[in-house]
$ cat entry-v8.json   # JSON, C-alpha atoms and all ligand atoms
[["chain", "number", "residue", "atom", "x", "y", "z"],
["Y", 1, "MET", "CA", -42.40, 18.51, -35.83],
["Y", 2, "ASP", "CA", -42.10, 20.13, -39.27],
["Y", 3, "GLU", "CA", -40.37, 23.51, -39.40],
["Y", 4, "PRO", "CA", -42.44, 26.44, -40.64],
["Y", 5, "ARG", "CA", -41.98, 27.03, -44.37],
["Y", 6, "GLN", "CA", -39.26, 29.56, -45.12],
["Y", 7, "ILE", "CA", -39.53, 31.43, -48.40],
["Y", 8, "VAL", "CA", -36.08, 32.41, -49.71],
["Y", 9, "ASP", "CA", -35.79, 35.97, -50.97],
["Y", 10, "PHE", "CA", -33.18, 35.66, -53.75],
["Y", 11, "SER", "CA", -32.31, 39.34, -53.58],
["Y", 12, "ARG", "CA", -30.70, 38.67, -50.17],
["Y", 13, "LEU", "CA", -28.23, 36.01, -51.32],
["Y", 14, "ASP", "CA", -24.57, 36.74, -50.61],
["Y", 15, "PHE", "CA", -22.30, 34.29, -52.43],
["Y", 16, "GLU", "CA", -19.21, 36.20, -51.37],
["Y", 17, "PHE", "CA", -19.99, 35.10, -47.83],
["Y", 18, "SER", "CA", -20.30, 31.44, -48.95],
["Y", 19, "ASN", "CA", -16.96, 31.67, -50.76],
["Y", 20, "TYR", "CA", -15.37, 33.45, -47.81],
["Y", 21, "ILE", "CA", -16.33, 30.54, -45.53],
["Y", 22, "LYS", "CA", -14.89, 28.03, -47.97],
["Y", 23, "GLN", "CA", -11.63, 29.94, -48.23],
["Y", 24, "ASN", "CA", -11.22, 30.73, -44.52],
["Y", 25, "THR", "CA", -12.26, 27.46, -42.87],
["Y", 26, "ASN", "CA", -11.55, 23.80, -43.38],
["Y", 27, "SER", "CA", -15.06, 23.33, -44.74],
["Y", 28, "ASN", "CA", -16.80, 23.42, -48.08],
["Y", 29, "PRO", "CA", -20.55, 24.07, -48.33],
["Y", 30, "PHE", "CA", -20.57, 23.60, -52.11],
["Y", 31, "VAL", "CA", -19.90, 19.85, -52.09],
["Y", 32, "CYS", "CA", -22.86, 19.01, -49.80],
["Y", 33, "PHE", "CA", -25.34, 16.76, -51.62],
["Y", 34, "THR", "CA", -27.99, 17.09, -48.85],
["Y", 35, "CYS", "CA", -27.94, 13.45, -47.75],
["Y", 36, "ARG", "CA", -28.80, 14.71, -44.23],
["Y", 37, "THR", "CA", -26.51, 12.18, -42.52],
["Y", 38, "CYS", "CA", -25.28, 15.06, -40.36],
["Y", 39, "SER", "CA", -28.78, 15.98, -39.20],
["Y", 40, "SER", "CA", -29.82, 12.41, -38.52],
["Y", 41, "LEU", "CA", -26.78, 11.85, -36.27],
["Y", 42, "CYS", "CA", -26.63, 15.29, -34.67],
["Y", 43, "THR", "CA", -26.59, 15.05, -30.87],
["Y", 44, "SER", "CA", -28.10, 18.47, -30.40],
["Y", 45, "GLY", "CA", -30.68, 17.97, -33.15],
["Y", 46, "LYS", "CA", -32.21, 15.11, -31.16],
["Y", 47, "VAL", "CA", -33.22, 17.41, -28.31],
["Y", 48, "ASN", "CA", -32.91, 20.91, -29.75],
["Y", 49, "VAL", "CA", -33.88, 22.97, -32.77],
["Y", 50, "LEU", "CA", -30.53, 22.48, -34.54],
["Y", 51, "ASN", "CA", -30.84, 21.36, -38.16],
["Y", 52, "VAL", "CA", -27.23, 21.23, -39.27],
["Y", 53, "ALA", "CA", -27.95, 20.15, -42.88],
["Y", 54, "LYS", "CA", -30.16, 23.22, -43.25],
["Y", 55, "ILE", "CA", -27.37, 25.49, -41.95],
["Y", 56, "VAL", "CA", -24.95, 24.01, -44.51],
["Y", 57, "ARG", "CA", -27.49, 24.57, -47.28],
["Y", 58, "GLN", "CA", -28.21, 28.13, -46.14],
["Y", 59, "ILE", "CA", -24.49, 28.88, -46.26],
["Y", 60, "ALA", "CA", -24.14, 27.30, -49.72],
["Y", 61, "ILE", "CA", -26.85, 29.54, -51.15],
["Y", 62, "GLY", "CA", -25.57, 32.68, -49.43],
["Y", 63, "LEU", "CA", -28.16, 33.30, -46.71],
["Y", 64, "LYS", "CA", -25.65, 35.22, -44.62],
["Y", 65, "ASP", "CA", -28.05, 37.12, -42.34],
["Y", 66, "ASP", "CA", -30.12, 34.04, -41.61],
["Y", 67, "VAL", "CA", -27.16, 31.98, -40.45],
["Y", 68, "LEU", "CA", -25.52, 34.78, -38.48],
["Y", 69, "ARG", "CA", -28.76, 35.55, -36.66],
["Y", 70, "SER", "CA", -29.57, 31.89, -36.15],
["Y", 71, "LYS", "CA", -30.20, 30.73, -32.58],
["Y", 72, "GLU", "CA", -29.57, 27.17, -33.77],
["Y", 73, "ILE", "CA", -25.81, 27.62, -34.12],
["Y", 74, "TRP", "CA", -25.53, 28.17, -30.36],
["Y", 75, "THR", "CA", -27.10, 24.81, -29.51],
["Y", 76, "CYS", "CA", -24.33, 22.73, -31.12],
["Y", 77, "ALA", "CA", -22.83, 20.26, -28.64],
["Y", 78, "THR", "CA", -19.52, 20.08, -30.59],
["Y", 79, "CYS", "CA", -19.74, 16.28, -30.62],
["Y", 80, "MET", "CA", -18.12, 16.23, -34.11],
["Y", 81, "LYS", "CA", -20.43, 13.51, -35.49],
["Y", 82, "CYS", "CA", -21.43, 15.71, -38.46],
["Y", 83, "GLN", "CA", -17.76, 16.20, -39.23],
["Y", 84, "GLU", "CA", -16.77, 12.56, -38.91],
["Y", 85, "PHE", "CA", -19.63, 10.96, -40.82],
["Y", 86, "CYS", "CA", -20.23, 13.44, -43.67],
["Y", 87, "PRO", "CA", -19.54, 11.43, -46.86],
["Y", 88, "GLN", "CA", -18.50, 14.60, -48.68],
["Y", 89, "GLY", "CA", -16.04, 16.02, -46.15],
["Y", 90, "VAL", "CA", -18.11, 19.18, -45.78],
["Y", 91, "ASN", "CA", -17.02, 19.72, -42.13],
["Y", 92, "PRO", "CA", -20.19, 21.40, -40.82],
["Y", 93, "LEU", "CA", -18.80, 21.91, -37.31],
["Y", 94, "ASP", "CA", -16.02, 24.13, -38.66],
["Y", 95, "MET", "CA", -18.74, 26.26, -40.26],
["Y", 96, "ILE", "CA", -20.62, 26.51, -36.99],
["Y", 97, "TYR", "CA", -17.49, 27.68, -35.14],
["Y", 98, "PHE", "CA", -16.92, 30.25, -37.87],
["Y", 99, "LEU", "CA", -20.52, 31.49, -37.67],
["Y", 100, "GLN", "CA", -20.36, 31.79, -33.88],
["Y", 101, "ASN", "CA", -17.18, 33.87, -34.14],
["Y", 102, "LYS", "CA", -18.69, 36.11, -36.80],
["Y", 103, "ALA", "CA", -21.90, 36.50, -34.78],
["Y", 104, "VAL", "CA", -19.80, 37.64, -31.80],
["Y", 105, "GLU", "CA", -17.83, 40.08, -33.97],
["Y", 106, "ALA", "CA", -21.09, 41.53, -35.23],
["Y", 107, "GLY", "CA", -22.61, 41.68, -31.70],
["Y", 108, "MET", "CA", -25.68, 39.72, -32.79],
["Y", 109, "PRO", "CA", -28.58, 39.92, -30.33],
["Y", 110, "THR", "CA", -29.17, 36.18, -30.74],
["Y", 111, "ILE", "CA", -26.06, 35.22, -28.75],
["Y", 112, "PRO", "CA", -27.49, 33.37, -25.71],
["Y", 113, "LYS", "CA", -27.61, 35.39, -22.49],
["Y", 114, "ALA", "CA", -25.82, 32.63, -20.59],
["Y", 115, "TYR", "CA", -22.79, 32.90, -22.94],
["Y", 116, "VAL", "CA", -22.69, 36.68, -22.55],
["Y", 117, "GLU", "CA", -22.87, 36.38, -18.74],
["Y", 118, "MET", "CA", -20.12, 33.77, -18.74],
["Y", 119, "VAL", "CA", -17.76, 35.84, -20.93],
["Y", 120, "THR", "CA", -18.53, 39.00, -18.92],
["Y", 121, "SER", "CA", -17.59, 37.15, -15.74],
["Y", 122, "ILE", "CA", -14.35, 35.89, -17.35],
["Y", 123, "ALA", "CA", -13.48, 39.47, -18.34],
["Y", 124, "LYS", "CA", -14.19, 40.72, -14.81],
["Y", 125, "ILE", "CA", -12.72, 38.04, -12.54],
["Y", 126, "GLY", "CA", -11.09, 35.53, -14.90],
["Y", 127, "LEU", "CA", -13.61, 32.81, -14.02],
["Y", 128, "ILE", "CA", -16.93, 31.80, -15.59],
["Y", 129, "GLN", "CA", -18.58, 32.50, -12.21],
["Y", 130, "PRO", "CA", -17.44, 33.53, -8.73],
["Y", 131, "PRO", "CA", -16.33, 30.62, -6.50],
["Y", 132, "GLN", "CA", -19.46, 28.89, -5.21],
["Y", 133, "GLU", "CA", -20.38, 27.70, -1.75],
["Y", 134, "VAL", "CA", -21.35, 24.07, -1.23],
["Y", 135, "ILE", "CA", -24.76, 23.24, 0.25],
["Y", 136, "SER", "CA", -25.04, 20.27, 2.61],
["Y", 137, "VAL", "CA", -28.01, 17.91, 2.92],
["Y", 138, "ASP", "CA", -29.15, 20.11, 5.84],
["Y", 139, "PHE", "CA", -28.97, 23.18, 3.57],
["Y", 140, "ASP", "CA", -25.99, 24.65, 5.44],
["Y", 141, "GLU", "CA", -23.55, 26.56, 3.20],
["Y", 142, "PHE", "CA", -19.79, 26.06, 3.32],
["Y", 143, "ASP", "CA", -17.07, 28.02, 1.56],
["Y", 144, "ARG", "CA", -13.61, 26.69, 0.75],
["Y", 145, "ALA", "CA", -12.03, 27.91, 4.00],
["Y", 146, "GLU", "CA", -14.71, 26.17, 6.09],
["Y", 147, "LEU", "CA", -14.01, 22.97, 4.16],
["Y", 148, "GLU", "CA", -10.28, 23.47, 4.82],
["Y", 149, "LEU", "CA", -9.56, 23.66, 1.12],
["Y", 150, "PRO", "CA", -6.61, 25.74, -0.13],
["Y", 151, "GLU", "CA", -7.33, 29.20, -1.49],
["Y", 152, "LEU", "CA", -7.90, 29.33, -5.23],
["Y", 153, "SER", "CA", -5.11, 30.92, -7.23],
["Y", 154, "MET", "CA", -6.98, 33.52, -9.27],
["Y", 155, "PRO", "CA", -6.10, 34.18, -12.92],
["Y", 156, "ASP", "CA", -4.91, 37.57, -14.14],
["Y", 157, "ALA", "CA", -8.34, 39.03, -14.96],
["Y", 158, "GLU", "CA", -6.98, 42.34, -16.30],
["Y", 159, "LYS", "CA", -4.83, 40.53, -18.86],
["Y", 160, "ILE", "CA", -7.73, 38.28, -19.89],
["Y", 161, "LYS", "CA", -10.04, 41.30, -20.20],
["Y", 162, "LYS", "CA", -7.51, 43.14, -22.36],
["Y", 163, "ASN", "CA", -7.20, 40.17, -24.72],
["Y", 164, "LEU", "CA", -10.97, 39.61, -24.85],
["Y", 165, "LEU", "CA", -11.61, 43.23, -25.72],
["Y", 166, "LYS", "CA", -9.13, 43.03, -28.61],
["Y", 167, "THR", "CA", -11.54, 40.55, -30.17],
["Y", 168, "GLY", "CA", -15.15, 41.06, -31.19],
["Y", 169, "PHE", "CA", -16.23, 40.56, -27.58],
["Y", 170, "ARG", "CA", -16.36, 44.35, -27.11],
["Y", 171, "GLN", "CA", -19.61, 44.26, -29.07],
["Y", 172, "VAL", "CA", -20.99, 41.68, -26.68],
["Y", 173, "ILE", "CA", -19.65, 42.88, -23.32],
["Y", 174, "LYS", "CA", -20.98, 46.41, -23.47],
["Y", 175, "GLU", "CA", -20.86, 46.99, -19.72],
["Y", 176, "LEU", "CA", -17.03, 46.91, -19.70],
["Y", 177, "ASP", "CA", -16.70, 50.03, -21.87],
["H", 1, "LIG", "S1", -23.71, 14.83, -44.16],
["H", 1, "LIG", "FE1", -22.44, 16.18, -45.45],
["H", 1, "LIG", "S2", -23.23, 15.89, -47.53],
["H", 1, "LIG", "FE2", -24.77, 15.06, -46.13],
["H", 1, "LIG", "S3", -26.17, 16.80, -45.74],
["H", 1, "LIG", "FE3", -24.66, 16.84, -44.11],
["H", 1, "LIG", "S4", -23.08, 18.22, -44.87],
["H", 1, "LIG", "FE4", -24.29, 17.64, -46.64],
["H", 2, "LIG", "S1", -20.92, 18.90, -33.82],
["H", 2, "LIG", "FE1", -22.79, 20.09, -33.43],
["H", 2, "LIG", "S2", -23.82, 20.16, -35.41],
["H", 2, "LIG", "FE2", -22.31, 18.55, -35.55],
["H", 2, "LIG", "S3", -23.40, 16.66, -34.98],
["H", 2, "LIG", "FE3", -22.49, 17.44, -33.11],
["H", 2, "LIG", "S4", -24.05, 18.74, -32.14],
["H", 2, "LIG", "FE4", -24.65, 18.40, -34.30]]

$ encode --input "entry-v8.json" --output "structure tokens"
Amino acid sequence: MDEPRQIVDFSRLDFEFSNYIKQNTNSNPFVCFTCRTCSSLCTSGKVNVLNVAKIVRQIAIGLKDDVLRSKEIWTCATCMKCQEFCPQGVNPLDMIYFLQNKAVEAGMPTIPKAYVEMVTSIAKIGLIQPPQEVISVDFDEFDRAELELPELSMPDAEKIKKNLLKTGFRQVIKELD
């Protein structure tokens, strides 16, 4: 399905951002010649909205807000195909990692709820979710003790929380303030 037409407002272009990405990652948006090899191979693009060649182009022309607010960047499966097969060595995946980190720093509302819940749980208990019970074919529930499994050694959640809050995650995990 064709994407809706997007008119670029040239007054919004931020080339400092494009240069900043080039200087602070192992990627270079300015050498992309839009062959779209990355998009045609992209694992996530086959089932999701991700158009990685478009993201690279948006970065190259300085559409900072568009890429930071993009929901697409969160659907990347980190398969690395775009990185390995790009004939120009653009390294699109490195850009996506960078954008995700910057979106977290800025507390963007487009960060998927599932990510926020997972990180909040890590900050609270050190795990992405509390230990789960297993359900049998008869729909009976069993915890680890009932299955005679050893107790889990829990990570130091306070230490993890302290380190997470030193990063941009404070913007995301508001309930820990
Ligand atoms: S494969 Fe490389 S050169 Fe081709 S569109 Fe993607 S980033 Fe640009
Ligand atoms: S690393 Fe992400 S953007 Fe690159 S091809 Fe894989 S799913 Fe697509």

$ atom_distance --input "entry-v8.json" --atom1 "atom CA of Phe33 of chain Y" --atom2 "atom CA of Leu13 of chain Y"
19.5 Å

$ residues_around --input "entry-v8.json" --residues "segment 71-83 of chain Y" --least-positions-apart "6" --cutoff "6 Å" --atoms "only C-alpha atoms" --output "list in words"
Cys38, Ser44, Leu50, Asn91, Pro92 and Thr110 of chain Y

$ atom_distance --input "entry-v8.json" --atom1 "atom CA of Asp65 of chain Y" --atom2 "atom CA of Asn28 of chain Y"
18.6 Å

$ atom_distance --input "entry-v8.json" --atom1 "atom FE4 of ligand LIG 1 (chain H)" --atom2 "atom CA of Glu84 of chain Y"
11.9 Å

$ residues_near_point --input "entry-v8.json" --point "(-23.6, 33.0, -48.3)" --cutoff "9 Å" --atoms "only C-alpha atoms" --output "PDB file with C-alpha atoms, in the frame of the given file"
ATOM      1  CA  LEU Y  13     -28.230  36.010 -51.320  1.00  0.00           C
ATOM      2  CA  ASP Y  14     -24.570  36.740 -50.610  1.00  0.00           C
ATOM      3  CA  PHE Y  15     -22.300  34.290 -52.430  1.00  0.00           C
ATOM      4  CA  GLU Y  16     -19.210  36.200 -51.370  1.00  0.00           C
ATOM      5  CA  PHE Y  17     -19.990  35.100 -47.830  1.00  0.00           C
ATOM      6  CA  SER Y  18     -20.300  31.440 -48.950  1.00  0.00           C
ATOM      7  CA  ASN Y  19     -16.960  31.670 -50.760  1.00  0.00           C
ATOM      8  CA  TYR Y  20     -15.370  33.450 -47.810  1.00  0.00           C
ATOM      9  CA  ILE Y  21     -16.330  30.540 -45.530  1.00  0.00           C
ATOM     10  CA  GLN Y  58     -28.210  28.130 -46.140  1.00  0.00           C
ATOM     11  CA  ILE Y  59     -24.490  28.880 -46.260  1.00  0.00           C
ATOM     12  CA  ALA Y  60     -24.140  27.300 -49.720  1.00  0.00           C
ATOM     13  CA  ILE Y  61     -26.850  29.540 -51.150  1.00  0.00           C
ATOM     14  CA  GLY Y  62     -25.570  32.680 -49.430  1.00  0.00           C
ATOM     15  CA  LEU Y  63     -28.160  33.300 -46.710  1.00  0.00           C
ATOM     16  CA  LYS Y  64     -25.650  35.220 -44.620  1.00  0.00           C
ATOM     17  CA  ASP Y  65     -28.050  37.120 -42.340  1.00  0.00           C
ATOM     18  CA  VAL Y  67     -27.160  31.980 -40.450  1.00  0.00           C
TER      19      VAL Y  67
END

$ residues_around --input "entry-v8.json" --residues "Ser136 of chain Y" --least-positions-apart "6" --cutoff "12 Å" --atoms "all atoms listed in the file" --output "PyMOL selection string"
chain Y and resi 142-143+147

$ axis_aligned_box --input "entry-v8.json" --around "ligand LIG 1 (chain H)" --padding-each-side "4 Å" --output "JSON"
{"center_x": -24.3, "center_y": 16.5, "center_z": -45.8, "size_x": 11.7, "size_y": 11.4, "size_z": 11.4}

$ closest_residue --input "entry-v8.json" --among "Y:Ser40, Y:Val104, Y:Cys32, Y:Glu151" --to "Pro87 of chain Y" --atoms "all atoms listed in the file"
Y:Cys32

$ closest_residue --input "entry-v8.json" --among "Y:Val90, Y:Met108, Y:Ala103, Y:Ile135" --to "ligand LIG 2 (chain H)" --atoms "all atoms listed in the file"
Y:Val90

$ closest_residue --input "entry-v8.json" --among "Y:Leu152, Y:Ala106, Y:Ile111, Y:Leu164" --to "Pro130 of chain Y" --atoms "all atoms listed in the file"
Y:Leu152

$ closest_residue --input "entry-v8.json" --among "Y:Ile96, Y:Ile125, Y:Ala157, Y:Ala114" --to "Asn51 of chain Y" --atoms "all atoms listed in the file"
Y:Ile96

$ closest_residue --input "entry-v8.json" --among "Y:Cys35, Y:Val52, Y:Leu165, Y:Met154" --to "Pro131 of chain Y" --atoms "all atoms listed in the file"
Y:Met154

$ residues_around --input "entry-v8.json" --residues "segment 122-124 of chain Y" --least-positions-apart "4" --cutoff "10 Å" --atoms "all atoms listed in the file" --output "tab-separated table (two decimals) with C-alpha atoms, in the coordinates of the input"
chain	number	residue	atom	x	y	z
Y	116	VAL	CA	-22.69	36.68	-22.55
Y	117	GLU	CA	-22.87	36.38	-18.74
Y	118	MET	CA	-20.12	33.77	-18.74
Y	128	ILE	CA	-16.93	31.80	-15.59
Y	129	GLN	CA	-18.58	32.50	-12.21
Y	130	PRO	CA	-17.44	33.53	-8.73
Y	155	PRO	CA	-6.10	34.18	-12.92
Y	156	ASP	CA	-4.91	37.57	-14.14
Y	157	ALA	CA	-8.34	39.03	-14.96
Y	158	GLU	CA	-6.98	42.34	-16.30
Y	159	LYS	CA	-4.83	40.53	-18.86
Y	160	ILE	CA	-7.73	38.28	-19.89
Y	161	LYS	CA	-10.04	41.30	-20.20
Y	162	LYS	CA	-7.51	43.14	-22.36
Y	163	ASN	CA	-7.20	40.17	-24.72
Y	164	LEU	CA	-10.97	39.61	-24.85
Y	165	LEU	CA	-11.61	43.23	-25.72
Y	169	PHE	CA	-16.23	40.56	-27.58
Y	173	ILE	CA	-19.65	42.88	-23.32
Y	176	LEU	CA	-17.03	46.91	-19.70

$ closest_residue --input "entry-v8.json" --among "Y:Ile7, Y:Cys86, Y:Leu41, Y:Val31" --to "ligand LIG 1 (chain H)" --atoms "all atoms listed in the file"
Y:Cys86
